[in-house]
file input-v8.txt (compact mmCIF, C-alpha atoms)
# COMPACT_ATOMS: atom_id res chain seq x y z
CA MET A 1 -11.89 3.23 -6.37
CA CYS A 2 -12.94 -0.02 -8.02
CA ILE A 3 -12.44 -2.98 -5.71
CA ARG A 4 -11.94 -6.47 -7.11
CA ASP A 5 -9.54 -9.42 -6.93
CA ARG A 6 -6.37 -8.12 -8.58
CA ASP A 7 -4.28 -11.26 -8.40
CA LYS A 8 -6.26 -13.59 -10.61
CA ALA A 9 -4.97 -17.07 -11.36
CA VAL A 10 -4.73 -17.82 -15.08
CA LYS A 11 -3.74 -20.55 -17.51
CA ILE A 12 -0.40 -22.17 -16.65
CA ARG A 13 2.66 -20.81 -18.45
CA GLU A 14 4.37 -23.05 -20.97
CA GLY A 15 6.95 -25.30 -19.35
CA GLN A 16 5.51 -24.85 -15.82
CA SER A 17 2.63 -27.35 -15.87
CA LEU A 18 1.93 -29.83 -13.07
CA ASN A 19 1.00 -33.50 -13.24
CA SER A 20 -2.58 -32.91 -12.10
CA ASP A 21 -3.51 -36.61 -11.98
CA SER A 22 -0.60 -37.47 -9.70
CA LEU A 23 -1.24 -34.38 -7.60
CA GLU A 24 -4.96 -35.05 -7.17
CA THR A 25 -4.34 -38.66 -6.13
CA TYR A 26 -1.79 -37.55 -3.53
CA LEU A 27 -4.00 -34.79 -2.12
CA ARG A 28 -7.06 -37.03 -1.85
CA ASN A 29 -5.00 -39.59 0.04
CA ASN A 30 -3.85 -36.94 2.52
CA MET A 31 -6.66 -34.39 2.79
CA GLN A 32 -10.43 -34.27 2.95
CA LEU A 33 -11.53 -32.70 -0.33
CA PRO A 34 -14.83 -32.24 -2.18
CA ASP A 35 -15.74 -34.96 -4.66
CA THR A 36 -15.12 -32.78 -7.72
CA ASN A 37 -12.37 -32.78 -10.34
CA ILE A 38 -9.27 -30.71 -9.71
CA GLU A 39 -8.65 -27.54 -11.70
CA VAL A 40 -5.10 -26.15 -11.68
CA LEU A 41 -4.31 -22.53 -12.53
CA GLN A 42 -1.21 -20.40 -11.98
CA PHE A 43 -0.65 -17.06 -10.33
CA PRO A 44 1.32 -15.27 -13.07
CA SER A 45 3.14 -12.65 -11.01
CA GLY A 46 6.36 -13.12 -9.10
CA TYR A 47 9.82 -14.20 -10.18
CA SER A 48 10.80 -16.78 -7.58
CA ASN A 49 8.95 -19.91 -6.47
CA LEU A 50 6.03 -21.01 -8.62
CA THR A 51 2.55 -20.55 -7.15
CA TYR A 52 -0.60 -22.36 -8.29
CA LEU A 53 -4.30 -22.24 -7.48
CA LEU A 54 -5.94 -25.63 -6.94
CA LYS A 55 -9.72 -25.63 -7.21
CA PHE A 56 -11.97 -28.44 -6.04
CA GLY A 57 -15.35 -26.92 -6.74
CA GLU A 58 -15.73 -24.09 -4.23
CA LYS A 59 -12.70 -25.14 -2.19
CA GLU A 60 -9.48 -23.37 -3.14
CA LEU A 61 -5.92 -24.19 -2.12
CA VAL A 62 -2.55 -22.66 -3.01
CA LEU A 63 0.45 -24.79 -3.97
CA ARG A 64 4.05 -23.60 -3.92
CA ARG A 65 6.99 -25.35 -5.57
CA PRO A 66 10.47 -24.29 -6.71
CA PRO A 67 11.15 -23.45 -10.36
CA LYS A 68 13.27 -25.75 -12.47
CA GLY A 69 17.04 -25.39 -12.40
CA VAL A 70 17.45 -23.99 -8.88
CA ASN A 71 19.15 -25.08 -5.68
CA ILE A 72 16.22 -26.08 -3.46
CA LYS A 73 18.44 -25.91 -0.37
CA SER A 74 18.60 -22.13 -0.64
CA GLY A 75 15.70 -19.68 -0.93
CA HIS A 76 13.64 -22.37 -2.66
CA ASP A 77 13.53 -24.78 0.28
CA MET A 78 9.85 -25.74 0.44
CA HIS A 79 10.11 -27.60 3.73
CA ARG A 80 11.71 -24.63 5.43
CA GLU A 81 9.02 -22.26 4.18
CA PHE A 82 6.30 -24.70 5.28
CA ARG A 83 7.92 -24.96 8.73
CA ILE A 84 8.01 -21.17 9.04
CA LEU A 85 4.31 -20.87 8.18
CA SER A 86 3.52 -23.67 10.64
CA GLY A 87 5.31 -21.80 13.43
CA LEU A 88 3.90 -18.38 12.55
CA HIS A 89 0.25 -19.27 12.03
CA PRO A 90 -0.57 -19.87 15.72
CA ILE A 91 0.98 -16.54 16.83
CA TYR A 92 0.47 -14.20 13.87
CA SER A 93 -2.90 -13.75 12.19
CA LYS A 94 -1.48 -12.40 8.91
CA VAL A 95 -0.14 -15.68 7.49
CA PRO A 96 -2.04 -18.36 5.53
CA LYS A 97 -2.68 -21.70 7.21
CA PRO A 98 -0.31 -24.42 5.94
CA TYR A 99 -1.90 -27.82 5.25
CA LEU A 100 0.74 -30.27 4.09
CA PHE A 101 4.27 -30.63 2.80
CA CYS A 102 5.41 -33.27 0.29
CA ASP A 103 9.04 -34.21 -0.37
CA ASP A 104 8.19 -37.15 -2.63
CA GLU A 105 9.49 -35.89 -5.96
CA ARG A 106 7.63 -38.63 -7.79
CA ILE A 107 4.46 -36.55 -7.38
CA LEU A 108 5.50 -33.30 -9.10
CA GLY A 109 9.23 -33.66 -9.71
CA ALA A 110 10.12 -31.39 -6.77
CA PRO A 111 9.09 -30.81 -3.15
CA PHE A 112 5.98 -28.69 -2.65
CA TYR A 113 3.52 -27.59 0.00
CA VAL A 114 -0.16 -26.66 0.09
CA MET A 115 -1.75 -23.86 2.12
CA GLU A 116 -5.04 -22.01 2.37
CA ARG A 117 -5.89 -19.27 -0.09
CA LEU A 118 -6.22 -15.80 1.43
CA ARG A 119 -8.47 -13.68 -0.74
CA GLY A 120 -7.86 -9.98 -1.10
CA ILE A 121 -6.13 -7.29 -3.09
CA ILE A 122 -2.48 -7.52 -4.10
CA TYR A 123 -1.10 -4.39 -5.74
CA ARG A 124 1.74 -4.86 -8.20
CA GLY A 125 3.75 -2.59 -10.44
CA HIS A 126 1.55 -3.42 -13.42
CA THR A 127 -1.75 -2.73 -11.63
CA PRO A 128 -3.78 -0.32 -13.86
CA GLU A 129 -3.70 3.26 -12.61
CA LYS A 130 -7.49 3.47 -12.32
CA LEU A 131 -7.43 0.62 -9.78
CA LEU A 132 -4.75 2.12 -7.53
CA PRO A 133 -5.47 3.82 -4.17
CA ASP A 134 -6.04 7.56 -4.07
CA PRO A 135 -3.36 9.70 -2.30
CA ASN A 136 -5.08 9.60 1.11
CA GLN A 137 -5.54 5.84 0.95
CA MET A 138 -1.96 5.45 -0.24
CA LYS A 139 -0.60 7.43 2.69
CA SER A 140 -2.56 5.30 5.15
CA LEU A 141 -1.48 2.12 3.38
CA SER A 142 2.20 3.09 3.41
CA GLU A 143 1.97 3.80 7.15
CA ALA A 144 0.28 0.42 7.68
CA PHE A 145 3.08 -1.10 5.60
CA VAL A 146 5.71 0.16 8.07
CA ASN A 147 3.60 -0.90 11.05
CA THR A 148 3.30 -4.42 9.64
CA LEU A 149 7.07 -4.68 9.22
CA LEU A 150 7.47 -3.59 12.83
CA GLU A 151 4.89 -6.20 13.90
CA ILE A 152 6.98 -8.91 12.29
CA HIS A 153 10.17 -7.67 13.92
CA SER A 154 8.49 -7.67 17.34
CA LEU A 155 7.16 -11.26 17.13
CA ASN A 156 8.33 -13.58 19.89
CA TYR A 157 10.29 -16.05 17.78
CA ASN A 158 10.69 -18.42 20.72
CA ASP A 159 6.89 -18.86 20.84
CA ALA A 160 7.01 -19.87 17.18
CA GLY A 161 9.78 -22.40 17.83
CA PHE A 162 12.27 -20.36 15.83
CA ASP A 163 15.04 -20.09 18.43
CA LYS A 164 17.27 -22.21 16.19
CA LEU A 165 15.94 -21.02 12.83
CA GLY A 166 19.07 -19.06 11.98
CA ARG A 167 22.41 -17.93 13.38
CA PRO A 168 21.95 -14.31 14.43
CA ASP A 169 25.53 -13.92 15.67
CA GLY A 170 27.57 -12.57 12.78
CA TYR A 171 24.45 -12.34 10.61
CA VAL A 172 25.35 -9.07 8.88
CA LYS A 173 28.83 -10.23 7.91
CA ARG A 174 27.54 -13.55 6.60
CA GLN A 175 24.87 -11.80 4.55
CA ILE A 176 27.32 -9.44 2.90
CA GLU A 177 29.77 -12.24 2.17
CA GLY A 178 27.01 -14.59 1.07
CA TRP A 179 25.35 -12.21 -1.38
CA THR A 180 28.76 -11.28 -2.75
CA LYS A 181 29.53 -14.94 -3.41
CA ARG A 182 26.10 -15.47 -5.00
CA TYR A 183 26.65 -12.58 -7.34
CA ILE A 184 30.08 -13.82 -8.42
CA ASN A 185 28.70 -17.34 -8.98
CA ALA A 186 25.83 -16.02 -11.14
CA LYS A 187 27.79 -13.31 -12.93
CA THR A 188 27.14 -12.89 -16.67
CA ASP A 189 28.20 -9.27 -17.35
CA GLU A 190 30.87 -6.83 -16.21
CA PHE A 191 29.22 -4.15 -14.04
CA GLU A 192 31.86 -1.95 -12.40
CA SER A 193 29.31 -0.23 -10.17
CA LEU A 194 28.27 -3.52 -8.56
CA GLU A 195 31.86 -4.53 -7.92
CA LYS A 196 32.47 -1.22 -6.16
CA VAL A 197 29.27 -1.69 -4.15
CA TYR A 198 30.05 -5.15 -2.82
CA THR A 199 33.66 -4.18 -2.11
CA TRP A 200 32.45 -1.21 -0.05
CA LEU A 201 29.89 -3.31 1.81
CA ASN A 202 32.48 -5.91 2.76
CA ASN A 203 34.78 -3.17 4.05
CA ASN A 204 32.14 -1.29 6.07
CA ILE A 205 30.22 -3.91 8.06
CA PRO A 206 28.67 -2.32 11.21
CA THR A 207 29.81 -3.69 14.54
CA GLU A 208 26.47 -3.15 16.30
CA GLN A 209 23.84 -5.81 15.59
CA ARG A 210 20.30 -6.62 16.75
CA VAL A 211 18.27 -9.84 16.68
CA ALA A 212 14.68 -10.25 15.52
CA PHE A 213 12.56 -12.49 13.34
CA ILE A 214 12.78 -10.94 9.87
CA HIS A 215 10.86 -11.48 6.63
CA ASN A 216 13.73 -10.66 4.23
CA ASP A 217 11.51 -9.82 1.24
CA PHE A 218 9.00 -7.32 2.61
CA LYS A 219 7.34 -5.29 -0.15
CA TYR A 220 3.89 -4.27 -1.32
CA ASP A 221 3.29 -7.22 -3.61
CA ASN A 222 3.78 -9.60 -0.71
CA LEU A 223 0.83 -8.05 1.14
CA ILE A 224 -2.81 -9.11 0.84
CA LEU A 225 -5.18 -6.23 1.55
CA SER A 226 -8.85 -6.17 2.48
CA GLN A 227 -11.30 -5.75 -0.38
CA ASP A 228 -12.78 -2.51 0.90
CA GLN A 229 -11.83 1.14 1.14
CA SER A 230 -9.75 0.60 4.30
CA LEU A 231 -7.12 -1.54 2.50
CA GLU A 232 -6.27 -3.20 5.80
CA VAL A 233 -3.28 -5.56 5.70
CA LYS A 234 -4.87 -9.01 5.98
CA GLY A 235 -1.94 -11.22 5.07
CA VAL A 236 1.79 -11.38 4.39
CA LEU A 237 3.14 -13.83 1.80
CA ASP A 238 6.47 -15.29 0.61
CA TRP A 239 8.27 -16.27 3.81
CA GLU A 240 10.88 -18.35 1.99
CA MET A 241 13.82 -16.20 3.16
CA ALA A 242 12.60 -15.44 6.70
CA THR A 243 15.11 -16.03 9.49
CA LEU A 244 16.59 -14.60 12.68
CA GLY A 245 18.80 -11.63 11.96
CA ASP A 246 19.31 -7.90 12.20
CA PRO A 247 15.98 -6.11 11.55
CA LEU A 248 17.81 -3.19 9.92
CA MET A 249 18.96 -5.57 7.19
CA ASP A 250 15.29 -6.37 6.59
CA LEU A 251 14.47 -2.66 6.54
CA GLY A 252 17.34 -2.10 4.11
CA THR A 253 15.90 -4.67 1.69
CA THR A 254 12.52 -2.95 1.87
CA LEU A 255 14.12 0.43 1.20
CA GLY A 256 15.89 -1.08 -1.80
CA TYR A 257 12.52 -1.96 -3.33
CA TRP A 258 11.11 1.48 -2.52
CA ILE A 259 11.42 3.50 -5.75
CA GLN A 260 10.17 7.10 -5.46
CA GLU A 261 9.65 10.20 -7.58
CA SER A 262 13.11 11.67 -6.86
CA ASP A 263 14.80 8.57 -8.28
CA PRO A 264 16.24 8.46 -11.81
CA ASP A 265 14.07 7.49 -14.76
CA PHE A 266 15.95 4.21 -15.31
CA LEU A 267 14.59 2.93 -11.99
CA LYS A 268 11.13 4.47 -12.19
CA GLU A 269 10.52 3.01 -15.64
CA ASN A 270 11.35 -0.47 -14.37
CA ASN A 271 9.60 -0.24 -11.02
CA MET A 272 7.90 -3.53 -10.15
CA ASN A 273 6.01 -2.09 -7.19
CA ILE A 274 3.51 0.68 -6.35
CA THR A 275 5.80 2.88 -4.28
CA LEU A 276 5.61 5.64 -6.93
CA VAL A 277 1.87 6.13 -6.37
CA LYS A 278 1.17 9.59 -4.96
CA GLY A 279 0.66 9.60 -1.19
CA ASN A 280 3.38 7.09 -0.34
CA LEU A 281 5.90 7.90 2.35
CA THR A 282 9.42 8.59 1.14
CA ARG A 283 12.31 6.34 2.13
CA SER A 284 13.42 8.91 4.72
CA GLN A 285 9.90 9.08 6.16
CA ILE A 286 9.79 5.28 6.39
CA VAL A 287 13.06 5.30 8.32
CA GLU A 288 11.82 8.11 10.58
CA LYS A 289 8.59 6.25 11.39
CA TYR A 290 10.40 2.95 11.95
CA SER A 291 12.97 4.63 14.21
CA LYS A 292 10.34 6.43 16.27
CA ILE A 293 8.30 3.31 17.00
CA SER A 294 11.23 0.90 17.46
CA ASN A 295 13.45 3.33 19.39
CA ILE A 296 16.36 2.32 17.16
CA GLU A 297 18.71 5.15 16.24
CA MET A 298 19.42 5.21 12.52
CA LYS A 299 23.07 6.24 12.51
CA ASN A 300 24.15 4.16 9.52
CA ILE A 301 21.02 3.67 7.44
CA SER A 302 22.93 4.23 4.17
CA PHE A 303 24.77 0.95 4.70
CA TYR A 304 21.53 -1.00 5.03
CA TYR A 305 19.99 0.74 2.02
CA VAL A 306 23.02 -0.03 -0.15
CA TYR A 307 22.87 -3.62 1.07
CA GLY A 308 19.20 -3.76 0.06
CA LEU A 309 19.97 -2.50 -3.43
CA PHE A 310 22.83 -4.97 -3.83
CA LYS A 311 20.76 -7.89 -2.55
CA ILE A 312 17.97 -7.10 -5.02
CA ALA A 313 20.52 -6.83 -7.83
CA VAL A 314 21.86 -10.29 -6.96
CA ILE A 315 18.38 -11.84 -6.82
CA ILE A 316 17.62 -10.43 -10.26
CA GLN A 317 21.02 -11.60 -11.52
CA GLN A 318 20.34 -15.15 -10.32
CA ILE A 319 17.06 -15.17 -12.24
CA TYR A 320 18.77 -13.78 -15.34
CA TYR A 321 21.52 -16.41 -14.99
CA ARG A 322 18.90 -19.17 -15.13
CA TYR A 323 17.42 -17.60 -18.28
CA LYS A 324 20.83 -17.07 -19.88
CA ASN A 325 21.79 -20.69 -19.28
CA GLY A 326 18.53 -22.17 -20.54
CA TYR A 327 17.05 -23.30 -17.22
CA THR A 328 13.93 -21.28 -18.00
CA ALA A 329 12.46 -19.93 -21.24
CA ASP A 330 10.32 -17.32 -19.48
CA ILE A 331 10.56 -14.31 -21.80
CA ARG A 332 10.01 -11.92 -18.87
CA PHE A 333 13.62 -12.58 -17.85
CA LYS A 334 15.22 -11.62 -21.19
CA ASN A 335 16.44 -8.13 -20.21
CA LEU A 336 16.86 -8.51 -16.47
CA ASN A 337 20.61 -7.87 -16.78
CA GLU A 338 19.70 -4.23 -17.46
CA ALA A 339 17.87 -4.07 -14.13
CA VAL A 340 20.91 -5.54 -12.38
CA GLU A 341 23.06 -2.71 -13.71
CA MET A 342 20.45 -0.14 -12.65
CA TYR A 343 20.52 -1.27 -9.04
CA GLY A 344 24.30 -1.29 -9.04
CA LYS A 345 24.40 2.34 -10.19
CA MET A 346 21.88 3.37 -7.54
CA GLY A 347 23.88 1.64 -4.81
CA LEU A 348 27.07 3.37 -5.88
CA GLN A 349 25.36 6.77 -5.73
CA ALA A 350 23.99 6.04 -2.25
CA LEU A 351 27.33 5.00 -0.78
CA GLN A 352 29.22 7.88 -2.38
CA LYS A 353 26.70 10.47 -1.12
CA ASN A 354 25.97 8.68 2.18
CA LYS A 355 22.21 9.19 1.95
CA ILE A 356 19.06 7.36 0.82
CA ASP A 357 17.07 10.15 -0.88
CA ASN A 358 17.66 12.57 -3.77
CA LEU A 359 20.63 10.66 -5.11
CA TYR A 360 20.58 12.15 -8.62
call {"tool": "encode", "arguments": {"input": "input-v8.txt", "output": "structure tokens"}}
result
Amino acid sequence: MCIRDRDKAVKIREGQSLNSDSLETYLRNNMQLPDTNIEVLQFPSGYSNLTYLLKFGEKELVLRRPPKGVNIKSGHDMHREFRILSGLHPIYSKVPKPYLFCDDERILGAPFYVMERLRGIIYRGHTPEKLLPDPNQMKSLSEAFVNTLLEIHSLNYNDAGFDKLGRPDGYVKRQIEGWTKRYINAKTDEFESLEKVYTWLNNNIPTEQRVAFIHNDFKYDNLILSQDQSLEVKGVLDWEMATLGDPLMDLGTTLGYWIQESDPDFLKENNMNITLVKGNLTRSQIVEKYSKISNIEMKNISFYYVYGLFKIAVIIQQIYYRYKNGYTADIRFKNLNEAVEMYGKMGLQALQKNKIDNLY
């Protein structure tokens, strides 16, 4: 297997440039930096917050800021994400070190923060086949994937100062109601399957709940892996939606992203992850491994999986809504409404058959 950096920063996309002069002045006034000119590049992958590479000679930093046309008090709250990284870094080795947060919108037009760059491999759905792990490596990586999720769920959130990060009581109900409201507010098309899904979710909220620190967007392309044959998980990225809540809701989101060979073509053809690579665990095997290590009985895993599918559909719908209403001209978003419908259909199949595998 060829090993190289697979998440290369490139020229900034049109309409997403930064005021590099203003940024450099601010950073030099607040950090010790080499006496070289700033170079700003952009990490092209991802659909949420914008991520940039700042180069000062050999020193590299990563900057995160929200995209235009979003509510920065939601999943694009830069200060919240910076605070989470600041709490996690002392107790969890797999997060980048945060350096500074800026809420002065005169600098870049929006709040932003700067953190260290973790170098390694990030596998994405568009990674060329010749660069992907072989089946044995993929099996080991998928097992490490589950172990890393369990690590996060077992973190002592009090040690990180997160005891008041969220409101774990009633978390599941608020999530179902909240994502339902978000979908309705961002609705652009009539998808009967999604309406049936969110109606079912609201009518079948489990009474039993657990509390843990959860990532809320745990998937392969948020992992940084070592640049050797071991593919060890070195870092976890994108903590913008992390909170205190039910870990099975986090697992459900992960299962929603986990497309596999038994799934219909309309999902496999639009897979944005590497879960289809031979050697991966199946969704049922993920649940079995998680249950065995956590000692949590999975009596109602279909609910959490359907929730995960619905949540992903809403996230995609919100992005498509921004494109549809002219808040972004990013051509990647043009047909995202088709993906929204796909996830709605999958969720409907899962709830009707009460299972998470072999739905078609």
call {"tool": "residues_around", "arguments": {"input": "input-v8.txt", "residues": "stretch 314-322 of chain A", "least_positions_apart": "3", "cutoff": "10 Å", "atoms": "only C-alpha atoms", "output": "MDAnalysis selection string"}}
result
chainID A and resid 47:48 68:70 179:189 194 308:311 325:330 332:341 343:344
call {"tool": "closest_residue", "arguments": {"input": "input-v8.txt", "among": "A:Met272, A:Ile259, A:Val211, A:Ile84", "to": "A:Asn358", "atoms": "all atoms listed in the file"}}
result
A:Ile259
call {"tool": "atom_distance", "arguments": {"input": "input-v8.txt", "atom1": "atom CA of A:Ser140", "atom2": "atom CA of A:Leu225"}}
result
12.4 Å
call {"tool": "atom_distance", "arguments": {"input": "input-v8.txt", "atom1": "atom CA of A:Pro66", "atom2": "atom CA of A:Leu50"}}
result
5.8 Å
call {"tool": "residues_around", "arguments": {"input": "input-v8.txt", "residues": "A:Val10", "least_positions_apart": "2", "cutoff": "12 Å", "atoms": "all atoms listed in the file", "output": "PDB file with C-alpha atoms, in the coordinates of the input"}}
result
ATOM      1  CA  ARG A   6      -6.370  -8.120  -8.580  1.00  0.00           C
ATOM      2  CA  ASP A   7      -4.280 -11.260  -8.400  1.00  0.00           C
ATOM      3  CA  LYS A   8      -6.260 -13.590 -10.610  1.00  0.00           C
ATOM      4  CA  ILE A  12      -0.400 -22.170 -16.650  1.00  0.00           C
ATOM      5  CA  ARG A  13       2.660 -20.810 -18.450  1.00  0.00           C
ATOM      6  CA  GLU A  39      -8.650 -27.540 -11.700  1.00  0.00           C
ATOM      7  CA  VAL A  40      -5.100 -26.150 -11.680  1.00  0.00           C
ATOM      8  CA  LEU A  41      -4.310 -22.530 -12.530  1.00  0.00           C
ATOM      9  CA  GLN A  42      -1.210 -20.400 -11.980  1.00  0.00           C
ATOM     10  CA  PHE A  43      -0.650 -17.060 -10.330  1.00  0.00           C
ATOM     11  CA  PRO A  44       1.320 -15.270 -13.070  1.00  0.00           C
ATOM     12  CA  SER A  45       3.140 -12.650 -11.010  1.00  0.00           C
ATOM     13  CA  THR A  51       2.550 -20.550  -7.150  1.00  0.00           C
ATOM     14  CA  TYR A  52      -0.600 -22.360  -8.290  1.00  0.00           C
ATOM     15  CA  LEU A  53      -4.300 -22.240  -7.480  1.00  0.00           C
ATOM     16  CA  LEU A  54      -5.940 -25.630  -6.940  1.00  0.00           C
TER      17      LEU A  54
END
call {"tool": "closest_residue", "arguments": {"input": "input-v8.txt", "among": "A:Glu129, A:Asp265, A:Glu81, A:Asp357", "to": "A:Phe112", "atoms": "only C-alpha atoms"}}
result
A:Glu81
call {"tool": "residues_around", "arguments": {"input": "input-v8.txt", "residues": "A:Gly252", "least_positions_apart": "4", "cutoff": "10 Å", "atoms": "only C-alpha atoms", "output": "ChimeraX atom specification"}}
result
/A:216,218,247-248,256-258,287,301-309,311
call {"tool": "atom_distance", "arguments": {"input": "input-v8.txt", "atom1": "atom CA of A:Thr282", "atom2": "atom CA of A:Lys173"}}
result
27.9 Å
call {"tool": "closest_residue", "arguments": {"input": "input-v8.txt", "among": "A:Ala242, A:Ala110, A:Leu118, A:Leu231", "to": "A:Ile152", "atoms": "only C-alpha atoms"}}
result
A:Ala242
call {"tool": "residues_around", "arguments": {"input": "input-v8.txt", "residues": "A:Glu151", "least_positions_apart": "4", "cutoff": "12 Å", "atoms": "only C-alpha atoms", "output": "PyMOL selection string"}}
result
chain A and resi 91-94+144-147+155-157+212-215+233+236+247+290+293-294
call {"tool": "closest_residue", "arguments": {"input": "input-v8.txt", "among": "A:Glu240, A:Glu288, A:Glu60, A:Glu232", "to": "A:Val114", "atoms": "only C-alpha atoms"}}
result
A:Glu60
call {"tool": "residues_around", "arguments": {"input": "input-v8.txt", "residues": "A:Lys278", "least_positions_apart": "5", "cutoff": "10 Å", "atoms": "only C-alpha atoms", "output": "VMD selection string"}}
result
chain A and resid 132 to 139 260 to 261
call {"tool": "write_last_selection", "arguments": {"input": "input-v8.txt", "atoms": "C-alpha atoms", "output": "JSON list (two decimals), in the coordinates of the input"}}
result
[["chain", "number", "residue", "atom", "x", "y", "z"],
["A", 132, "LEU", "CA", -4.75, 2.12, -7.53],
["A", 133, "PRO", "CA", -5.47, 3.82, -4.17],
["A", 134, "ASP", "CA", -6.04, 7.56, -4.07],
["A", 135, "PRO", "CA", -3.36, 9.70, -2.30],
["A", 136, "ASN", "CA", -5.08, 9.60, 1.11],
["A", 137, "GLN", "CA", -5.54, 5.84, 0.95],
["A", 138, "MET", "CA", -1.96, 5.45, -0.24],
["A", 139, "LYS", "CA", -0.60, 7.43, 2.69],
["A", 260, "GLN", "CA", 10.17, 7.10, -5.46],
["A", 261, "GLU", "CA", 9.65, 10.20, -7.58]]
call {"tool": "closest_residue", "arguments": {"input": "input-v8.txt", "among": "A:Thr243, A:Gln209, A:Asn273, A:Gln285", "to": "A:Asn222", "atoms": "only C-alpha atoms"}}
result
A:Asn273
call {"tool": "closest_residue", "arguments": {"input": "input-v8.txt", "among": "A:Met342, A:Leu100, A:Leu255, A:Ile312", "to": "A:Asn270", "atoms": "only C-alpha atoms"}}
result
A:Met342
